[in-house]
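Note: the block below is query-v6.txt and it holds compact mmCIF, C-alpha atoms and all ligand atoms.
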```
# COMPACT_ATOMS: atom_id res chain seq x y z
CA MET A 1206 -10.70 -13.96 18.86
CA GLN A 1207 -14.27 -15.10 19.60
CA ALA A 1208 -16.20 -16.75 16.76
CA ARG A 1209 -17.45 -14.17 14.29
CA GLU A 1210 -20.14 -14.40 11.65
CA PHE A 1211 -17.85 -13.32 8.76
CA ASP A 1212 -14.19 -13.72 7.85
CA VAL A 1213 -14.09 -10.51 5.80
CA VAL A 1214 -16.29 -7.47 5.18
CA VAL A 1215 -15.32 -5.41 2.11
CA TRP A 1216 -16.16 -1.93 3.35
CA GLY A 1217 -16.73 0.48 0.43
CA ALA A 1218 -17.68 -2.25 -2.05
CA SER A 1219 -19.70 0.32 -4.03
CA GLY A 1220 -16.57 2.33 -4.93
CA PHE A 1221 -14.25 1.82 -7.87
CA THR A 1222 -11.57 -0.19 -6.06
CA GLY A 1223 -13.90 -1.87 -3.55
CA ARG A 1224 -15.85 -3.40 -6.40
CA LEU A 1225 -12.63 -4.80 -7.88
CA VAL A 1226 -11.74 -6.32 -4.51
CA ALA A 1227 -15.19 -7.94 -4.37
CA GLU A 1228 -14.71 -9.29 -7.91
CA HIS A 1229 -11.39 -10.83 -6.91
CA LEU A 1230 -12.79 -12.50 -3.78
CA LEU A 1231 -15.76 -13.84 -5.71
CA THR A 1232 -13.55 -15.27 -8.48
CA ARG A 1233 -11.07 -16.83 -6.06
CA TYR A 1234 -13.27 -17.92 -3.16
CA GLY A 1235 -16.91 -17.91 -4.34
CA ALA A 1236 -19.70 -16.32 -2.30
CA ASP A 1237 -20.08 -18.82 0.52
CA ARG A 1238 -17.58 -21.65 0.15
CA GLU A 1239 -14.15 -21.39 1.77
CA LEU A 1240 -14.57 -17.72 2.77
CA ARG A 1241 -17.51 -16.19 4.66
CA TRP A 1242 -17.64 -12.63 3.44
CA ALA A 1243 -20.00 -9.69 2.88
CA LEU A 1244 -20.30 -6.42 0.98
CA GLY A 1245 -20.36 -3.35 3.24
CA GLY A 1246 -20.96 0.37 2.83
CA ARG A 1247 -23.25 3.26 3.67
CA ASN A 1248 -25.85 2.78 0.97
CA ALA A 1249 -27.74 -0.54 0.61
CA ALA A 1250 -29.17 0.32 -2.83
CA ARG A 1251 -25.70 0.98 -4.30
CA LEU A 1252 -24.37 -2.23 -2.74
CA GLU A 1253 -27.30 -4.21 -4.17
CA ALA A 1254 -26.52 -2.75 -7.62
CA VAL A 1255 -22.90 -3.91 -7.29
CA ARG A 1256 -24.04 -7.35 -6.16
CA SER A 1257 -26.28 -7.78 -9.22
CA GLU A 1258 -23.51 -6.50 -11.54
CA LEU A 1259 -21.23 -9.17 -10.07
CA GLY A 1260 -23.65 -11.79 -11.46
CA ALA A 1261 -25.53 -14.84 -10.27
CA ALA A 1262 -22.55 -16.21 -8.33
CA ALA A 1263 -22.77 -13.19 -6.00
CA ALA A 1264 -26.50 -13.57 -5.25
CA GLY A 1265 -25.90 -15.06 -1.79
CA LEU A 1266 -23.52 -12.34 -0.58
CA PRO A 1267 -24.87 -10.53 2.49
CA ILE A 1268 -24.98 -6.72 2.51
CA LEU A 1269 -24.09 -4.80 5.68
CA THR A 1270 -24.55 -1.08 6.18
CA ALA A 1271 -23.25 1.34 8.81
CA ASN A 1272 -22.75 5.06 9.23
CA ILE A 1273 -19.21 6.35 9.72
CA ASP A 1274 -20.51 9.24 11.87
CA ASP A 1275 -22.17 6.83 14.29
CA ALA A 1276 -19.62 5.03 16.50
CA ALA A 1277 -22.21 2.52 17.74
CA SER A 1278 -23.04 1.43 14.18
CA LEU A 1279 -19.32 0.97 13.40
CA ALA A 1280 -18.81 -1.02 16.63
CA ALA A 1281 -21.74 -3.29 15.68
CA LEU A 1282 -20.31 -3.77 12.16
CA VAL A 1283 -16.76 -4.68 13.19
CA ALA A 1284 -17.99 -7.06 15.92
CA ARG A 1285 -19.48 -9.30 13.19
CA THR A 1286 -16.26 -9.99 11.27
CA ARG A 1287 -12.69 -11.16 11.77
CA VAL A 1288 -11.38 -8.62 9.21
CA ILE A 1289 -12.46 -5.28 7.81
CA CYS A 1290 -11.02 -4.63 4.36
CA THR A 1291 -11.69 -1.00 3.49
CA THR A 1292 -11.52 1.10 0.35
CA VAL A 1293 -13.49 4.02 1.78
CA GLY A 1294 -11.22 6.98 1.18
CA PRO A 1295 -9.88 9.61 1.50
CA TYR A 1296 -9.12 7.72 4.69
CA ALA A 1297 -8.18 10.87 6.58
CA LEU A 1298 -11.75 12.08 6.02
CA TYR A 1299 -13.73 8.87 6.41
CA GLY A 1300 -11.53 6.22 8.05
CA SER A 1301 -10.58 7.21 11.61
CA GLY A 1302 -13.72 5.91 13.37
CA LEU A 1303 -13.37 2.53 11.69
CA VAL A 1304 -9.74 2.11 12.79
CA ALA A 1305 -10.71 3.09 16.35
CA ALA A 1306 -13.54 0.52 16.35
CA CYS A 1307 -11.28 -2.25 15.02
CA ALA A 1308 -8.46 -1.48 17.46
CA ALA A 1309 -10.87 -1.49 20.42
CA SER A 1310 -12.64 -4.73 19.45
CA GLY A 1311 -9.69 -6.84 18.30
CA THR A 1312 -10.89 -6.87 14.67
CA HIS A 1313 -8.12 -7.12 12.07
CA TYR A 1314 -8.08 -4.36 9.46
CA CYS A 1315 -6.45 -3.63 6.09
CA ASP A 1316 -6.68 -0.64 3.74
CA LEU A 1317 -5.11 1.14 0.77
CA THR A 1318 -4.15 4.42 2.31
CA GLY A 1319 -1.01 6.24 1.27
CA GLU A 1320 -1.90 9.21 3.48
CA VAL A 1321 1.21 9.46 5.66
CA GLN A 1322 -0.19 12.20 7.91
CA TRP A 1323 -3.22 10.04 8.73
CA MET A 1324 -1.18 6.87 9.29
CA ARG A 1325 0.95 8.81 11.79
CA ARG A 1326 -2.23 9.85 13.62
CA MET A 1327 -3.56 6.26 13.65
CA ILE A 1328 -0.24 4.93 14.99
CA ASP A 1329 -0.17 7.50 17.78
CA ALA A 1330 -3.82 7.02 18.70
CA HIS A 1331 -4.31 3.25 18.33
CA HIS A 1332 -1.09 1.23 18.30
CA GLU A 1333 -1.20 0.53 22.01
CA THR A 1334 -4.94 -0.29 22.08
CA ALA A 1335 -4.54 -2.63 19.10
CA ARG A 1336 -1.54 -4.30 20.73
CA GLN A 1337 -3.68 -5.02 23.77
CA SER A 1338 -6.76 -6.17 21.86
CA GLY A 1339 -4.73 -8.23 19.35
CA ALA A 1340 -6.12 -6.32 16.33
CA ARG A 1341 -3.68 -6.22 13.42
CA ILE A 1342 -4.23 -2.83 11.80
CA VAL A 1343 -2.45 -2.80 8.45
CA HIS A 1344 -2.32 0.26 6.19
CA THR A 1345 -0.80 0.41 2.68
CA CYS A 1346 -1.95 -3.01 1.40
CA GLY A 1347 -1.90 -2.00 -2.30
CA PHE A 1348 0.79 -1.12 -4.83
CA ASP A 1349 1.91 1.26 -2.16
CA SER A 1350 3.49 -0.39 -0.26
CA ILE A 1351 3.22 -4.18 -0.63
CA PRO A 1352 5.82 -4.76 -3.39
CA SER A 1353 8.32 -2.55 -1.52
CA ASP A 1354 7.66 -3.86 1.97
CA LEU A 1355 7.27 -7.56 1.14
CA GLY A 1356 9.98 -7.29 -1.52
CA VAL A 1357 12.51 -6.13 1.09
CA PHE A 1358 11.19 -8.66 3.63
CA ASP A 1359 11.59 -11.60 1.24
CA LEU A 1360 14.88 -10.37 -0.19
CA GLN A 1361 16.37 -10.01 3.30
CA ARG A 1362 15.16 -13.52 4.18
CA ALA A 1363 16.84 -14.95 1.05
CA PHE A 1364 19.98 -12.86 1.62
CA MET A 1365 20.23 -14.08 5.22
CA GLU A 1366 19.81 -17.68 4.07
CA ARG A 1367 22.57 -17.31 1.49
CA PHE A 1368 25.08 -15.09 3.27
CA GLY A 1369 24.24 -15.53 6.96
CA ARG A 1370 23.64 -11.80 7.51
CA PRO A 1371 21.15 -9.13 6.41
CA ALA A 1372 21.95 -6.79 3.52
CA GLU A 1373 22.98 -3.30 4.62
CA ARG A 1374 21.42 -1.75 1.57
CA VAL A 1375 18.44 -2.46 -0.66
CA ALA A 1376 17.80 -0.43 -3.82
CA PHE A 1377 14.32 -0.63 -5.38
CA ARG A 1378 14.14 0.23 -9.09
CA GLY A 1379 10.95 0.64 -11.09
CA LEU A 1380 11.71 -0.76 -14.55
CA GLU A 1381 8.37 -0.84 -16.38
CA PHE A 1382 4.77 0.28 -15.67
CA ARG A 1383 1.47 0.62 -17.46
CA GLY A 1384 -1.80 1.74 -15.80
CA GLY A 1385 -4.04 4.70 -14.85
CA PHE A 1386 -5.48 6.78 -11.96
CA SER A 1387 -8.88 6.84 -10.19
CA GLY A 1388 -10.88 9.72 -8.79
CA GLY A 1389 -10.65 8.27 -5.26
CA THR A 1390 -6.84 8.31 -5.32
CA ILE A 1391 -6.79 11.87 -6.62
CA ALA A 1392 -9.29 12.90 -3.91
CA SER A 1393 -6.92 11.42 -1.27
CA MET A 1394 -3.92 13.33 -2.62
CA LEU A 1395 -5.91 16.58 -2.80
CA ASN A 1396 -7.20 16.08 0.74
CA MET A 1397 -3.67 15.70 2.09
CA LEU A 1398 -2.70 19.01 0.45
CA ASN A 1399 -5.87 20.64 1.84
CA GLU A 1400 -4.93 19.46 5.33
CA ALA A 1401 -1.40 20.80 4.88
CA ASP A 1402 -2.84 24.32 4.29
CA HIS A 1403 -3.88 24.33 7.96
CA ASP A 1404 -1.38 21.97 9.59
CA ALA A 1405 2.27 23.05 9.47
CA SER A 1406 3.48 19.64 10.70
CA ILE A 1407 2.47 17.78 7.51
CA TYR A 1408 5.24 18.78 5.07
CA PRO A 1409 8.00 18.13 7.65
CA LEU A 1410 6.42 14.72 8.35
CA LEU A 1411 6.35 13.88 4.62
CA ALA A 1412 10.00 14.92 4.33
CA ASP A 1413 11.09 12.87 7.37
CA PRO A 1414 12.46 9.52 6.09
CA TYR A 1415 11.61 7.92 9.44
CA GLY A 1416 8.25 9.70 9.85
CA LEU A 1417 6.32 6.45 10.48
CA ASN A 1418 8.78 4.88 12.92
CA PRO A 1419 7.80 4.37 16.55
CA ALA A 1420 8.35 7.38 18.82
CA GLY A 1421 11.98 7.60 19.95
CA GLU A 1422 13.14 5.59 16.91
CA ARG A 1423 12.78 8.18 14.18
CA HIS A 1424 16.42 8.15 13.12
CA GLY A 1425 18.77 6.21 10.84
CA LEU A 1426 21.25 6.60 7.98
CA ASP A 1427 18.79 7.50 5.19
CA GLY A 1428 18.22 11.13 4.24
CA PRO A 1429 15.21 12.84 2.64
CA GLU A 1430 14.04 11.61 -0.78
CA PRO A 1431 16.16 13.06 -3.61
CA ALA A 1432 14.33 15.46 -5.96
CA LEU A 1433 16.81 15.34 -8.87
CA PRO A 1434 17.88 12.70 -11.40
CA ALA A 1435 20.99 10.66 -10.64
CA PHE A 1436 23.20 8.51 -12.85
CA ASP A 1437 23.42 4.82 -11.95
CA ASN A 1438 26.95 3.73 -12.90
CA GLU A 1439 26.25 0.02 -12.74
CA ARG A 1440 23.19 0.15 -14.97
CA ARG A 1441 24.63 2.93 -17.12
CA ALA A 1442 21.19 4.56 -16.90
CA TRP A 1443 19.59 7.68 -15.42
CA LEU A 1444 17.29 7.39 -12.41
CA THR A 1445 14.44 9.68 -11.47
CA PRO A 1446 12.59 9.78 -8.12
CA PHE A 1447 9.90 7.07 -7.86
CA VAL A 1448 6.46 8.67 -7.36
CA MET A 1449 5.47 6.55 -4.35
CA ALA A 1450 8.93 6.54 -2.73
CA SER A 1451 8.08 8.94 0.08
CA ILE A 1452 5.37 6.54 1.31
CA ASN A 1453 7.00 3.18 0.57
CA THR A 1454 10.40 3.96 2.08
CA LYS A 1455 8.79 5.03 5.36
CA VAL A 1456 6.77 1.80 5.49
CA VAL A 1457 9.88 -0.34 4.90
CA ARG A 1458 11.75 1.52 7.66
CA ARG A 1459 8.80 1.12 10.03
CA SER A 1460 8.82 -2.64 9.33
CA ASN A 1461 12.50 -2.81 10.27
CA ALA A 1462 11.90 -0.86 13.49
CA LEU A 1463 8.75 -2.75 14.54
CA ALA A 1464 10.44 -6.12 14.00
CA GLY A 1465 13.42 -5.14 16.19
CA TYR A 1466 15.85 -4.26 13.33
CA PRO A 1467 16.29 -7.61 11.55
CA TYR A 1468 17.74 -5.61 8.60
CA GLY A 1469 20.19 -3.91 10.99
CA HIS A 1470 20.39 -0.44 12.54
CA ASP A 1471 22.55 0.76 9.65
CA PHE A 1472 20.12 -0.47 6.95
CA ARG A 1473 19.66 1.88 3.99
CA TYR A 1474 16.79 1.83 1.50
CA ASP A 1475 15.90 3.90 -1.54
CA GLU A 1476 13.51 3.82 -4.50
CA ALA A 1477 13.91 5.23 -8.02
CA THR A 1478 12.57 4.77 -11.54
CA VAL A 1479 15.04 3.69 -14.25
CA MET A 1480 14.89 5.78 -17.42
CA PRO A 1481 15.46 4.37 -20.92
CA HIS A 1482 19.07 3.90 -22.04
CA GLY A 1483 20.57 6.09 -24.72
CA LEU A 1484 20.43 9.75 -25.64
CA TRP A 1485 16.96 10.38 -24.21
CA GLY A 1486 17.75 9.01 -20.75
CA PHE A 1487 18.95 12.26 -19.18
CA PRO A 1488 16.40 14.65 -20.75
CA ALA A 1489 13.59 12.23 -19.84
CA ALA A 1490 14.84 11.90 -16.22
CA LEU A 1491 15.21 15.68 -15.91
CA ALA A 1492 11.79 16.35 -17.45
CA MET A 1493 10.11 13.88 -15.07
CA SER A 1494 11.85 15.26 -11.98
CA VAL A 1495 11.13 18.87 -12.90
CA ALA A 1496 7.50 18.12 -13.87
CA SER A 1497 6.84 16.29 -10.64
CA ALA A 1498 8.53 18.95 -8.43
CA ALA A 1499 6.78 21.79 -10.31
CA GLY A 1500 3.46 19.92 -10.21
CA MET A 1501 3.72 19.43 -6.44
CA ALA A 1502 4.70 23.09 -5.90
CA ALA A 1503 1.77 24.30 -8.05
CA MET A 1504 -0.67 21.98 -6.26
CA ARG A 1505 0.21 23.60 -2.94
CA VAL A 1506 -1.70 26.65 -4.16
CA PRO A 1507 -5.39 26.12 -3.22
CA SER A 1508 -6.85 27.81 -6.32
CA VAL A 1509 -4.65 25.70 -8.67
CA ARG A 1510 -5.67 22.60 -6.73
CA ARG A 1511 -9.38 23.38 -7.14
CA PHE A 1512 -8.94 24.12 -10.87
CA VAL A 1513 -6.94 20.93 -11.59
CA GLY A 1514 -9.10 18.77 -9.27
CA LYS A 1515 -12.23 19.54 -11.32
CA ARG A 1516 -10.53 18.35 -14.52
CA LEU A 1517 -9.21 15.01 -13.20
CA PRO A 1518 -11.21 11.76 -12.70
CA GLN A 1519 -13.85 12.18 -9.96
CA PRO A 1520 -14.55 9.75 -7.06
CA GLY A 1521 -16.06 6.54 -8.48
CA GLU A 1522 -14.20 6.88 -11.82
CA GLY A 1523 -11.03 4.98 -12.79
CA PRO A 1524 -9.19 3.09 -15.53
CA SER A 1525 -11.26 0.81 -17.82
CA ALA A 1526 -11.10 -2.99 -17.71
CA ALA A 1527 -9.01 -2.90 -20.91
CA VAL A 1528 -6.44 -0.57 -19.29
CA ARG A 1529 -6.34 -2.69 -16.13
CA GLU A 1530 -5.97 -5.96 -17.98
CA SER A 1531 -3.30 -4.72 -20.40
CA GLY A 1532 -1.48 -3.07 -17.49
CA PHE A 1533 1.55 -4.54 -15.72
CA TYR A 1534 4.69 -3.61 -13.78
CA LEU A 1535 8.21 -4.85 -13.32
CA LEU A 1536 10.32 -3.91 -10.29
CA GLU A 1537 13.83 -4.90 -9.29
CA LEU A 1538 15.23 -4.90 -5.75
CA THR A 1539 18.94 -5.38 -5.23
CA ALA A 1540 20.46 -6.21 -1.84
CA SER A 1541 24.13 -5.59 -1.13
CA THR A 1542 26.69 -5.14 1.65
CA ARG A 1543 29.82 -3.04 1.99
CA VAL A 1544 31.73 -6.13 3.16
CA SER A 1545 31.98 -7.89 -0.17
CA ALA A 1546 30.86 -7.18 -3.73
CA ALA A 1547 30.12 -10.91 -4.05
CA GLN A 1548 27.38 -10.63 -1.41
CA ARG A 1549 24.63 -9.43 -3.68
CA LEU A 1550 21.16 -10.66 -4.52
CA THR A 1551 18.50 -9.38 -6.93
CA LEU A 1552 14.76 -9.94 -6.75
CA ARG A 1553 12.43 -9.14 -9.65
CA ILE A 1554 8.74 -8.57 -8.88
CA ARG A 1555 6.24 -8.67 -11.74
CA GLY A 1556 2.51 -7.95 -11.65
CA ASP A 1557 0.19 -9.01 -14.47
CA ARG A 1558 -2.36 -6.17 -14.05
CA ASP A 1559 -2.08 -2.38 -13.81
CA PRO A 1560 -0.37 -1.47 -10.52
CA GLY A 1561 -2.93 1.00 -9.08
CA TYR A 1562 -6.20 -0.98 -9.40
CA GLY A 1563 -6.12 -4.44 -11.03
CA SER A 1564 -3.11 -5.61 -9.04
CA THR A 1565 -3.86 -3.45 -5.99
CA ALA A 1566 -7.38 -4.90 -5.59
CA ARG A 1567 -5.94 -8.42 -5.58
CA MET A 1568 -3.23 -7.47 -3.07
CA LEU A 1569 -5.81 -5.96 -0.73
CA GLY A 1570 -8.20 -8.90 -1.11
CA GLU A 1571 -5.44 -11.42 -0.38
CA SER A 1572 -4.25 -9.35 2.61
CA ALA A 1573 -7.77 -9.58 4.06
CA VAL A 1574 -7.97 -13.35 3.56
CA CYS A 1575 -4.47 -13.75 4.97
CA LEU A 1576 -5.44 -11.82 8.13
CA ALA A 1577 -8.63 -13.87 8.44
CA GLN A 1578 -7.39 -17.39 7.74
CA ASP A 1579 -3.61 -17.78 7.93
CA ALA A 1580 -1.71 -18.80 11.05
CA LEU A 1581 0.25 -15.59 11.68
CA ASP A 1582 2.68 -15.13 14.53
CA SER A 1583 2.49 -11.31 14.73
CA ALA A 1584 1.07 -9.53 17.78
CA GLY A 1585 -1.56 -6.79 17.46
CA GLY A 1586 -0.75 -3.16 16.73
CA VAL A 1587 -0.65 -0.67 13.87
CA LEU A 1588 1.62 -2.84 11.74
CA THR A 1589 2.93 -2.99 8.17
CA PRO A 1590 2.24 -5.68 5.55
CA ALA A 1591 5.62 -7.31 6.28
CA THR A 1592 5.35 -7.27 10.07
CA ALA A 1593 1.69 -8.38 10.13
CA MET A 1594 1.70 -11.04 7.41
CA GLY A 1595 5.27 -11.54 6.05
CA GLY A 1596 5.84 -14.85 4.23
CA ALA A 1597 2.18 -15.92 4.45
CA LEU A 1598 1.21 -12.96 2.25
CA VAL A 1599 4.12 -13.51 -0.16
CA ARG A 1600 2.77 -17.03 -0.71
CA ARG A 1601 -0.78 -15.80 -1.31
CA LEU A 1602 0.33 -13.10 -3.75
CA THR A 1603 2.38 -15.50 -5.82
CA GLU A 1604 -0.25 -18.26 -5.77
CA ARG A 1605 -3.41 -16.16 -6.12
CA ALA A 1606 -2.74 -12.59 -7.18
CA GLY A 1607 -0.76 -12.80 -10.44
CA ILE A 1608 2.46 -11.53 -8.84
CA THR A 1609 5.81 -13.29 -9.27
CA PHE A 1610 8.92 -13.08 -7.08
CA GLU A 1611 11.97 -14.20 -9.08
CA TYR A 1612 15.57 -14.37 -7.82
N1 LIG A 1701 -2.58 2.63 -2.43
C1 LIG A 1701 -2.98 2.25 -3.60
O1 LIG A 1701 -2.26 1.58 -4.28
C2 LIG A 1701 -4.40 2.66 -3.98
C3 LIG A 1701 -4.94 2.26 -5.18
C4 LIG A 1701 -6.30 2.55 -5.44
C5 LIG A 1701 -7.04 3.30 -4.53
N2 LIG A 1701 -6.46 3.72 -3.39
C6 LIG A 1701 -7.23 4.47 -2.36
O2 LIG A 1701 -8.44 3.80 -2.13
C7 LIG A 1701 -9.45 4.75 -1.80
C8 LIG A 1701 -10.67 4.51 -2.68
O3 LIG A 1701 -10.37 4.81 -4.02
P1 LIG A 1701 -11.51 4.60 -5.13
O4 LIG A 1701 -10.95 5.08 -6.41
O5 LIG A 1701 -12.06 3.24 -5.06
O6 LIG A 1701 -12.62 5.65 -4.58
P2 LIG A 1701 -14.16 5.78 -4.90
O7 LIG A 1701 -14.53 5.09 -6.18
O8 LIG A 1701 -14.48 7.22 -4.76
O9 LIG A 1701 -14.88 4.94 -3.71
C9 LIG A 1701 -15.00 5.45 -2.43
C10 LIG A 1701 -15.89 4.57 -1.58
O10 LIG A 1701 -16.04 5.21 -0.32
C11 LIG A 1701 -17.42 5.29 0.01
N3 LIG A 1701 -17.67 6.47 0.83
C12 LIG A 1701 -17.40 7.75 0.53
N4 LIG A 1701 -17.80 8.54 1.54
C13 LIG A 1701 -18.33 7.73 2.50
C14 LIG A 1701 -18.91 7.95 3.76
N5 LIG A 1701 -19.05 9.19 4.26
N6 LIG A 1701 -19.36 6.88 4.47
C15 LIG A 1701 -19.23 5.62 3.97
N7 LIG A 1701 -18.70 5.35 2.77
C16 LIG A 1701 -18.26 6.40 2.04
C17 LIG A 1701 -18.15 5.34 -1.30
O11 LIG A 1701 -19.49 4.92 -1.08
P3 LIG A 1701 -20.72 5.38 -2.00
O12 LIG A 1701 -20.70 4.47 -3.20
O13 LIG A 1701 -21.90 5.14 -1.12
O14 LIG A 1701 -20.51 6.80 -2.38
C18 LIG A 1701 -17.32 4.35 -2.12
O15 LIG A 1701 -17.73 3.04 -1.81
C19 LIG A 1701 -8.83 6.13 -1.99
O16 LIG A 1701 -8.47 6.62 -0.73
C20 LIG A 1701 -7.60 5.86 -2.83
O17 LIG A 1701 -6.55 6.77 -2.56
C21 LIG A 1701 -5.15 3.42 -3.10
```
Could you express the structure from this file as structure tokens?
Amino acid sequence: MQAREFDVVVWGASGFTGRLVAEHLLTRYGADRELRWALGGRNAARLEAVRSELGAAAAGLPILTANIDDAASLAALVARTRVICTTVGPYALYGSGLVAACAASGTHYCDLTGEVQWMRRMIDAHHETARQSGARIVHTCGFDSIPSDLGVFDLQRAFMERFGRPAERVAFRGLEFRGGFSGGTIASMLNMLNEADHDASIYPLLADPYGLNPAGERHGLDGPEPALPAFDNERRAWLTPFVMASINTKVVRRSNALAGYPYGHDFRYDEATVMPHGLWGFPAALAMSVASAAGMAAMRVPSVRRFVGKRLPQPGEGPSAAVRESGFYLLELTASTRVSAAQRLTLRIRGDRDPGYGSTARMLGESAVCLAQDALDSAGGVLTPATAMGGALVRRLTERAGITFEY
């Protein structure tokens, strides 16, 4: 890549999550020391307000503006930086031009989308261009899907080291969470449902476990996500479907396919939430499964969606600093084989902030710095966190983002 003026531009720094990303970069890297970075967005006045709220340390941060409806302004923006780190969502509404500009110009890119239908469109439209330009386009660099994707990546590396072969199965279990939702995330979910009203291919894509795999490789041993609770005999506990499973599992399977199947062609992966032990385990699992299935079914009805949407947090709103700082999560990934019960390895991932914002903002910020500064051996393309950044990002998250990986 030719020399560029900036390492990273945080695009959407005036939004709820973008501001948190900017705060993280400022705390970790300062305004103009080891990282050359800038605040970006559509509205200079709002960006200036964010810069002054960030305090005196942020005074030297440049502000860049562009218009997402003007391809020339996006091309000029992305040509100035090695990496675009974007929180401008819903991405399906506002993000396509930016991905196109990055893919064409060889600018690396990371975002927080969980919009599967849009990721599929970006893969189909830009993977080949990005491969040729060398741009690493990386979606899902937040709670969905970094812990899942890098968790499996690191667990398979450790399993291979110990047993000389990859694990045939990895089970991801959500053990504990505390956090909240933002208006931007809700707007993204509502937009996907709005799109599905007019596009009959969206629900089948969401239900396809291999929906993000390269064309011709959309097959494997895993079936659709389960909708009902299941009993886990080993834990003696009930499991309920994990809310982000339909995104995360597809990302993990895409990583395996893009990397040439290092986890094997018969690799199986699933995600679930573990319910409390004891008498309440089954009723709680059933209530959560039924509530989430009924909620999704109700939200397919446009009038219900409009009614509920008005009563949830609006774009720009999200959990308070107290909620983010008292938030946390604990996940457990277990790798196993059919060959021998002794070949088994468990990884616990802990985050010291709420998953959706405090921890997500740090994951996205570190992904951007990793793409800008680390020596990565991946080629360009529409990649995943594991295939683009792998071990380099695991190191950054454990050293700089309050996340621990414990075997
Ligand atoms: N995957 C995860 O774990 C995760 C977690 C958190 C958030 N997210 C996703 O991140 C995205 C942002 O969420 P949020 O809560 O931060 O949203 P938000 O507070 O509504 O912020 C949205 C940002 O987009 C900008 N924007 C909106 N329309 C634009 C346009 N036409 N042109 C240029 N900029 C525009 C806004 O700029 P203005 O200030 O000028 O309006 C603002 O900076 C959502 O898609 C959400 O789903 C994902």
Out of A:Leu1244, A:Cys1290, A:Ala1492, A:Ala1218, which residue has the shortest atom-to-atom distance to Thr1345 of chain A when counting all atoms listed in the file?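 Selected residue with least distance to Thr1345 of chain A: A:Cys1290.
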Distance criterion (all atoms listed in the file): nearest to Val1283 of chain A out of A:Glu1239, A:Asp1427, A:Glu1210, A:Asp1349: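 The closest residue to Val1283 of chain A is A:Glu1210.
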Go ahead and compute the interatomic distance for atom CA of Ser1497 of chain A and atom CA of Met1568 of chain A, in Å to one decimal.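 Atom CA of Met1568 of chain A lies at a distance of 26.9 Å from atom CA of Ser1497 of chain A.
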Go through A:Gly1421, A:Gly1486, A:Pro1409, A:Pro1267 and flag the residue nearest Asp1437 of chain A, using only C-alpha atoms for the distances. A:Gly1486
Take atom CA of Ala1573 of chain A and atom CA of Ala1450 of chain A and report the distance between them in Å, one decimal.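 Here the two named atoms are 24.2 Å from each other.
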Centre and edge lengths of an axis-aligned box around all listed atoms of segment 1435-1450 of chain A, with 5 Å added on each side, are to be given in Å to one decimal, as AutoDock Vina command-line options.
```
--center_x 16.2 --center_y 5.3 --center_z -9.9 --size_x 31.5 --size_y 20.6 --size_z 24.4
```
Kindly work out which residues sit at most 7 Å from ligand LIG 1701 (chain A), using all atoms listed in the file, and give the list as an NGL selection string. :A and (1217-1223 or 1246-1248 or 1251 or 1272-1273 or 1292-1296 or 1299 or 1317-1319 or 1345-1349 or 1387-1393 or 1520-1523 or 1561-1562 or 1565)
Which of these residues is nearest to Trp1242 of chain A, using all atoms listed in the file: A:Ala1340, A:Gly1570, A:Phe1472, A:Ala1496?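 For Trp1242 of chain A, the nearest of the given residues is A:Gly1570.
For the pair atom CA of Asn1438 of chain A and atom CA of Ala1547 of chain A, the separation is 17.4 Å.
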Within 12 Å of Ala1503 of chain A, counting only C-alpha atoms, which residues qualify if same-chain residues fewer than 6 places away don't, as a list in words?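 Residues meeting the cut-off are Leu1398, Val1495, Ala1496, Ser1497, Val1509, Arg1510, Arg1511, Phe1512 and Val1513 of chain A.
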Spatial neighbours of Val1357 of chain A, 12 Å, all atoms listed in the file, chain gap at least 4 places, as a PyMOL selection string: chain A and resi 1350-1353+1361-1365+1371-1377+1453-1454+1456-1458+1460-1461+1467-1468+1472-1476+1536-1541+1550-1554+1590-1592+1595-1596+1599+1610
